Amino acid sequence: FRKMHGVSKSEFFIGMVARNAPQKDHPTLFRALKKVKDSNLNFKCILVGHDIPLLVDLAVEFGLKDELIFLGSQRDVTPILSSLDLHVLSSSHGEGFPNVLAEAMLCGVPCIATNVGDSSKIIGDVGIVVSPKDANSMADAIGHMAAIRNTPAWSKKQRLGRAFVINEFGLIKMKEQYRSLWKNCMD
């Protein structure tokens, strides 16, 4: 997937799978990526979701057109997520349980997300949670993750993230919780 989109192995490949909507707060992501670009990190970022191509003008405004890849809605995001080094979710409000974080972690992709909805519960101690609309903290978190890429700490994050999602949100856990809920209701 990286090769198909012209992303080299040396580039830090960031992604955000989220429709273009105010709650997803792409402007904060763009402000963070502008700071990352100014720090001379060699990266590409792919944006996937409904109406994402409408963000091209905003990317030009932030000077990020060459760093961003715009895709619309995709039926299967697994190949995309599996190709990433990092998934970022910059939501400012309105999240419940953002499945995309769990999906990315299942693919072995560490995540950064804003502290909205259940994002911090999903990421746990494996990723980084920042305050909503805080582009500086998001940029620092991206820089930190890029700095540890290809290290034992990075491999540990990949492994622990996948295991955490399987253990906390997998079918076995869901079945146990469902049975417990119904048992308590019947008692």
# chains A, B, ... in the order shown; residues from 1 in each chain; ligands from 1
call {"tool": "residues_around", "arguments": {"residues": "Gly143 of chain A", "least_positions_apart": "2", "cutoff": "12 Å", "atoms": "only C-alpha atoms", "output": "JSON, numbers by chain"}}
result
{"A": [12, 14, 32, 33, 34, 35, 36, 37, 38, 39, 40, 41, 42, 43, 86, 112, 128, 136, 137, 138, 139, 140, 141, 145, 146, 147, 148, 149]}
call {"tool": "write_last_selection", "arguments": {"atoms": "C-alpha atoms", "output": "CSV table (one decimal), in the first residue's frame"}}
result
chain,number,residue,atom,x,y,z
A,12,PHE,CA,7.1,8.2,8.9
A,14,ILE,CA,0.8,8.8,9.7
A,32,ALA,CA,0.1,19.7,14.5
A,33,LEU,CA,1.4,18.4,11.1
A,34,LYS,CA,2.7,21.9,10.2
A,35,LYS,CA,4.7,22.0,13.4
A,36,VAL,CA,6.0,18.4,12.7
A,37,LYS,CA,7.0,19.6,9.1
A,38,ASP,CA,8.7,22.6,10.6
A,39,SER,CA,10.8,20.2,12.8
A,40,ASN,CA,12.1,18.6,9.6
A,41,LEU,CA,10.5,15.1,10.2
A,42,ASN,CA,10.3,13.2,7.0
A,43,PHE,CA,6.6,12.1,6.9
A,86,LEU,CA,1.0,5.8,13.5
A,112,ILE,CA,-2.4,9.2,19.3
A,128,ILE,CA,-0.7,8.9,23.7
A,136,ASN,CA,1.3,21.6,20.2
A,137,SER,CA,0.8,18.5,22.3
A,138,MET,CA,-0.3,16.5,19.3
A,139,ALA,CA,2.8,17.6,17.4
A,140,ASP,CA,5.0,16.7,20.4
A,141,ALA,CA,3.4,13.3,20.6
A,145,MET,CA,6.4,8.4,18.4
A,146,ALA,CA,8.6,9.1,15.3
A,147,ALA,CA,11.7,9.2,17.5
A,148,ILE,CA,11.1,5.7,19.0
A,149,ARG,CA,10.1,4.1,15.7
call {"tool": "atom_distance", "arguments": {"atom1": "atom CA of Lys175 of chain A", "atom2": "atom CA of Leu89 of chain A"}}
result
28.2 Å
call {"tool": "select_by_dssp", "arguments": {"residues": "chain A", "states": "strand (DSSP E or B)", "output": "list in words"}}
result
Phe12, Phe13, Ile14, Gly15, Met16, Val17, Phe43, Lys44, Cys45, Ile46, Leu47, Val48, Leu68, Ile69, Phe70, Leu71, Leu86, His87, Val88, Leu89, Cys111, Ile112, Ala113, Thr114, Ile128, Val129 and Val130 of chain A
call {"tool": "write_last_selection", "arguments": {"atoms": "C-alpha atoms", "output": "mmCIF file, in the first residue's frame"}}
result
data_model
loop_
_atom_site.group_PDB
_atom_site.id
_atom_site.type_symbol
_atom_site.label_atom_id
_atom_site.label_comp_id
_atom_site.auth_asym_id
_atom_site.auth_seq_id
_atom_site.Cartn_x
_atom_site.Cartn_y
_atom_site.Cartn_z
ATOM 1 C CA PHE A 12 7.121 8.169 8.926
ATOM 2 C CA PHE A 13 3.660 7.204 7.681
ATOM 3 C CA ILE A 14 0.814 8.758 9.663
ATOM 4 C CA GLY A 15 -2.856 8.194 8.975
ATOM 5 C CA MET A 16 -6.244 9.391 10.101
ATOM 6 C CA VAL A 17 -9.291 7.364 9.156
ATOM 7 C CA PHE A 43 6.628 12.090 6.921
ATOM 8 C CA LYS A 44 3.533 11.482 4.843
ATOM 9 C CA CYS A 45 0.004 11.474 6.185
ATOM 10 C CA ILE A 46 -2.943 9.745 4.573
ATOM 11 C CA LEU A 47 -6.472 10.948 5.258
ATOM 12 C CA VAL A 48 -9.274 8.475 4.630
ATOM 13 C CA LEU A 68 -0.801 14.632 2.565
ATOM 14 C CA ILE A 69 -2.553 11.894 0.613
ATOM 15 C CA PHE A 70 -6.327 12.275 0.279
ATOM 16 C CA LEU A 71 -8.589 9.250 -0.086
ATOM 17 C CA LEU A 86 0.998 5.764 13.456
ATOM 18 C CA HIS A 87 -2.725 6.487 13.536
ATOM 19 C CA VAL A 88 -3.939 9.855 14.831
ATOM 20 C CA LEU A 89 -7.482 10.842 15.767
ATOM 21 C CA CYS A 111 -2.222 5.585 18.193
ATOM 22 C CA ILE A 112 -2.447 9.166 19.316
ATOM 23 C CA ALA A 113 -5.921 10.509 20.088
ATOM 24 C CA THR A 114 -7.580 13.373 21.828
ATOM 25 C CA ILE A 128 -0.664 8.866 23.715
ATOM 26 C CA VAL A 129 -3.750 10.868 24.658
ATOM 27 C CA VAL A 130 -3.723 14.655 24.270
#
call {"tool": "select_by_dssp", "arguments": {"residues": "segment 26-180 of chain A", "states": "alpha helix (DSSP H)", "output": "PyMOL selection string"}}
result
chain A and resi 26-38+56-61+78-83+99-106+119-123+135-148+152-169+171-180
call {"tool": "residues_around", "arguments": {"residues": "Asn150 of chain A", "least_positions_apart": "5", "cutoff": "12 Å", "atoms": "only C-alpha atoms", "output": "PDB file with C-alpha atoms, in the first residue's frame"}}
result
ATOM      1  CA  LYS A   9      10.158   3.053   4.020  1.00  0.00           C
ATOM      2  CA  SER A  10      12.168   5.937   5.471  1.00  0.00           C
ATOM      3  CA  PHE A  12       7.121   8.169   8.926  1.00  0.00           C
ATOM      4  CA  ASP A  85       3.458   3.694  11.413  1.00  0.00           C
ATOM      5  CA  MET A 145       6.448   8.407  18.363  1.00  0.00           C
ATOM      6  CA  SER A 155       7.831  -3.003  18.960  1.00  0.00           C
ATOM      7  CA  LYS A 156       6.523  -3.274  22.509  1.00  0.00           C
ATOM      8  CA  LYS A 157       3.840  -0.642  21.800  1.00  0.00           C
ATOM      9  CA  GLN A 158       2.769  -2.549  18.685  1.00  0.00           C
TER      10      GLN A 158
END
call {"tool": "residues_around", "arguments": {"residues": "Met4 of chain A", "least_positions_apart": "4", "cutoff": "12 Å", "atoms": "only C-alpha atoms", "output": "mmCIF file with all heavy atoms, in the first residue's frame"}}
result
data_model
loop_
_atom_site.group_PDB
_atom_site.id
_atom_site.type_symbol
_atom_site.label_atom_id
_atom_site.label_comp_id
_atom_site.auth_asym_id
_atom_site.auth_seq_id
_atom_site.Cartn_x
_atom_site.Cartn_y
_atom_site.Cartn_z
ATOM 1 N N SER A 8 7.883 6.087 0.957
ATOM 2 C CA SER A 8 9.091 5.278 1.133
ATOM 3 C C SER A 8 9.147 4.688 2.534
ATOM 4 O O SER A 8 8.463 5.155 3.455
ATOM 5 C CB SER A 8 10.341 6.125 0.870
ATOM 6 O OG SER A 8 10.534 7.039 1.932
ATOM 7 N N ILE A 69 -1.910 12.730 1.632
ATOM 8 C CA ILE A 69 -2.553 11.894 0.613
ATOM 9 C C ILE A 69 -4.033 11.866 0.979
ATOM 10 O O ILE A 69 -4.389 11.570 2.123
ATOM 11 C CB ILE A 69 -1.974 10.466 0.624
ATOM 12 C CG1 ILE A 69 -0.463 10.496 0.354
ATOM 13 C CG2 ILE A 69 -2.699 9.576 -0.386
ATOM 14 C CD1 ILE A 69 0.241 9.186 0.683
ATOM 15 N N PRO A 79 -5.922 -2.792 4.903
ATOM 16 C CA PRO A 79 -4.628 -2.618 4.219
ATOM 17 C C PRO A 79 -4.012 -1.240 4.469
ATOM 18 O O PRO A 79 -2.795 -1.109 4.551
ATOM 19 C CB PRO A 79 -4.969 -2.794 2.737
ATOM 20 C CG PRO A 79 -6.297 -3.457 2.690
ATOM 21 C CD PRO A 79 -6.997 -3.105 3.966
ATOM 22 N N ILE A 80 -4.860 -0.240 4.619
ATOM 23 C CA ILE A 80 -4.363 1.108 4.884
ATOM 24 C C ILE A 80 -3.770 1.167 6.285
ATOM 25 O O ILE A 80 -2.631 1.586 6.479
ATOM 26 C CB ILE A 80 -5.489 2.148 4.726
ATOM 27 C CG1 ILE A 80 -6.027 2.131 3.296
ATOM 28 C CG2 ILE A 80 -5.003 3.537 5.118
ATOM 29 C CD1 ILE A 80 -7.355 2.836 3.108
ATOM 30 N N SER A 83 -0.458 -0.496 6.859
ATOM 31 C CA SER A 83 0.712 0.141 6.246
ATOM 32 C C SER A 83 1.243 1.315 7.068
ATOM 33 O O SER A 83 2.339 1.803 6.816
ATOM 34 C CB SER A 83 0.366 0.621 4.835
ATOM 35 O OG SER A 83 -0.495 1.744 4.878
#
call {"tool": "residues_around", "arguments": {"residues": "Thr28 of chain A", "least_positions_apart": "2", "cutoff": "9 Å", "atoms": "only C-alpha atoms", "output": "JSON, numbers by chain"}}
result
{"A": [25, 26, 30, 31, 32, 33, 90, 91, 92, 132, 133, 134, 135, 138]}
call {"tool": "closest_residue", "arguments": {"among": "A:Met174, A:Arg162, A:Val77, A:Glu61", "to": "Pro110 of chain A", "atoms": "only C-alpha atoms"}}
result
A:Arg162
call {"tool": "residues_around", "arguments": {"residues": "Leu54 of chain A", "least_positions_apart": "4", "cutoff": "10 Å", "atoms": "only C-alpha atoms", "output": "VMD selection string"}}
result
chain A and resid 20 50 58 to 59 70 72
call {"tool": "atom_distance", "arguments": {"atom1": "atom CA of Ile52 of chain A", "atom2": "atom CA of Arg19 of chain A"}}
result
6.4 Å
call {"tool": "residues_around", "arguments": {"residues": "Asp118 of chain A", "least_positions_apart": "2", "cutoff": "8 Å", "atoms": "only C-alpha atoms", "output": "list in words"}}
result
Glu95, Gly96, Phe97, Pro98, Asn115, Val116, Ser120, Lys121 and Ile122 of chain A
call {"tool": "write_last_selection", "arguments": {"atoms": "all heavy atoms", "output": "PDB file, in the first residue's frame"}}
result
ATOM      1  N   GLU A  95     -17.330  11.936  20.266  1.00  0.00           N
ATOM      2  CA  GLU A  95     -16.953  10.529  20.078  1.00  0.00           C
ATOM      3  C   GLU A  95     -17.616   9.668  21.143  1.00  0.00           C
ATOM      4  O   GLU A  95     -17.778  10.097  22.278  1.00  0.00           O
ATOM      5  CB  GLU A  95     -15.434  10.333  20.175  1.00  0.00           C
ATOM      6  CG  GLU A  95     -14.639  10.905  19.031  1.00  0.00           C
ATOM      7  CD  GLU A  95     -14.818  10.170  17.716  1.00  0.00           C
ATOM      8  OE1 GLU A  95     -15.525   9.139  17.660  1.00  0.00           O
ATOM      9  OE2 GLU A  95     -14.270  10.645  16.716  1.00  0.00           O
ATOM     10  N   GLY A  96     -17.963   8.464  20.783  1.00  0.00           N
ATOM     11  CA  GLY A  96     -18.374   7.452  21.742  1.00  0.00           C
ATOM     12  C   GLY A  96     -17.194   6.505  21.903  1.00  0.00           C
ATOM     13  O   GLY A  96     -16.239   6.776  22.628  1.00  0.00           O
ATOM     14  N   PHE A  97     -17.243   5.418  21.171  1.00  0.00           N
ATOM     15  CA  PHE A  97     -16.167   4.438  21.138  1.00  0.00           C
ATOM     16  C   PHE A  97     -15.622   4.447  19.714  1.00  0.00           C
ATOM     17  O   PHE A  97     -16.177   3.800  18.829  1.00  0.00           O
ATOM     18  CB  PHE A  97     -16.707   3.046  21.501  1.00  0.00           C
ATOM     19  CG  PHE A  97     -15.649   1.991  21.624  1.00  0.00           C
ATOM     20  CD1 PHE A  97     -15.146   1.643  22.860  1.00  0.00           C
ATOM     21  CD2 PHE A  97     -15.166   1.329  20.500  1.00  0.00           C
ATOM     22  CE1 PHE A  97     -14.176   0.655  22.979  1.00  0.00           C
ATOM     23  CE2 PHE A  97     -14.193   0.342  20.610  1.00  0.00           C
ATOM     24  CZ  PHE A  97     -13.698   0.006  21.850  1.00  0.00           C
ATOM     25  N   PRO A  98     -14.565   5.214  19.448  1.00  0.00           N
ATOM     26  CA  PRO A  98     -14.046   5.287  18.081  1.00  0.00           C
ATOM     27  C   PRO A  98     -13.376   3.966  17.672  1.00  0.00           C
ATOM     28  O   PRO A  98     -12.225   3.702  18.020  1.00  0.00           O
ATOM     29  CB  PRO A  98     -13.065   6.449  18.105  1.00  0.00           C
ATOM     30  CG  PRO A  98     -12.795   6.735  19.532  1.00  0.00           C
ATOM     31  CD  PRO A  98     -13.883   6.131  20.350  1.00  0.00           C
ATOM     32  N   ASN A 115      -8.486  13.318  24.049  1.00  0.00           N
ATOM     33  CA  ASN A 115      -9.218  12.762  25.185  1.00  0.00           C
ATOM     34  C   ASN A 115     -10.711  13.065  25.041  1.00  0.00           C
ATOM     35  O   ASN A 115     -11.268  13.904  25.740  1.00  0.00           O
ATOM     36  CB  ASN A 115      -8.655  13.333  26.495  1.00  0.00           C
ATOM     37  CG  ASN A 115      -9.138  12.552  27.693  1.00  0.00           C
ATOM     38  OD1 ASN A 115      -9.729  11.488  27.559  1.00  0.00           O
ATOM     39  ND2 ASN A 115      -8.889  13.093  28.872  1.00  0.00           N
ATOM     40  N   VAL A 116     -11.332  12.377  24.103  1.00  0.00           N
ATOM     41  CA  VAL A 116     -12.745  12.549  23.787  1.00  0.00           C
ATOM     42  C   VAL A 116     -13.382  11.166  23.754  1.00  0.00           C
ATOM     43  O   VAL A 116     -12.811  10.227  23.182  1.00  0.00           O
ATOM     44  CB  VAL A 116     -12.917  13.256  22.423  1.00  0.00           C
ATOM     45  CG1 VAL A 116     -14.380  13.372  22.043  1.00  0.00           C
ATOM     46  CG2 VAL A 116     -12.269  14.642  22.453  1.00  0.00           C
ATOM     47  N   SER A 120      -9.262   7.386  25.446  1.00  0.00           N
ATOM     48  CA  SER A 120      -8.219   7.054  26.430  1.00  0.00           C
ATOM     49  C   SER A 120      -8.393   5.636  26.957  1.00  0.00           C
ATOM     50  O   SER A 120      -7.408   4.960  27.257  1.00  0.00           O
ATOM     51  CB  SER A 120      -8.208   8.061  27.578  1.00  0.00           C
ATOM     52  OG  SER A 120      -9.427   8.025  28.284  1.00  0.00           O
ATOM     53  N   LYS A 121      -9.630   5.162  27.046  1.00  0.00           N
ATOM     54  CA  LYS A 121      -9.871   3.783  27.483  1.00  0.00           C
ATOM     55  C   LYS A 121      -9.345   2.790  26.444  1.00  0.00           C
ATOM     56  O   LYS A 121      -8.776   1.760  26.796  1.00  0.00           O
ATOM     57  CB  LYS A 121     -11.367   3.572  27.707  1.00  0.00           C
ATOM     58  CG  LYS A 121     -11.726   2.184  28.177  1.00  0.00           C
ATOM     59  CD  LYS A 121     -13.223   2.045  28.409  1.00  0.00           C
ATOM     60  CE  LYS A 121     -13.553   0.639  28.892  1.00  0.00           C
ATOM     61  NZ  LYS A 121     -14.976   0.469  29.140  1.00  0.00           N
ATOM     62  N   ILE A 122      -9.520   3.101  25.175  1.00  0.00           N
ATOM     63  CA  ILE A 122      -9.073   2.204  24.105  1.00  0.00           C
ATOM     64  C   ILE A 122      -7.551   2.190  24.027  1.00  0.00           C
ATOM     65  O   ILE A 122      -6.931   1.133  23.949  1.00  0.00           O
ATOM     66  CB  ILE A 122      -9.670   2.628  22.751  1.00  0.00           C
ATOM     67  CG1 ILE A 122     -11.196   2.524  22.778  1.00  0.00           C
ATOM     68  CG2 ILE A 122      -9.105   1.763  21.616  1.00  0.00           C
ATOM     69  CD1 ILE A 122     -11.881   3.229  21.620  1.00  0.00           C
TER      70      ILE A 122
END
call {"tool": "atom_distance", "arguments": {"atom1": "atom CA of Lys3 of chain A", "atom2": "atom CA of Glu67 of chain A"}}
result
15.0 Å
call {"tool": "closest_residue", "arguments": {"among": "A:Gly94, A:Met105, A:Leu181, A:Asp57", "to": "Gly117 of chain A", "atoms": "only C-alpha atoms"}}
result
A:Gly94
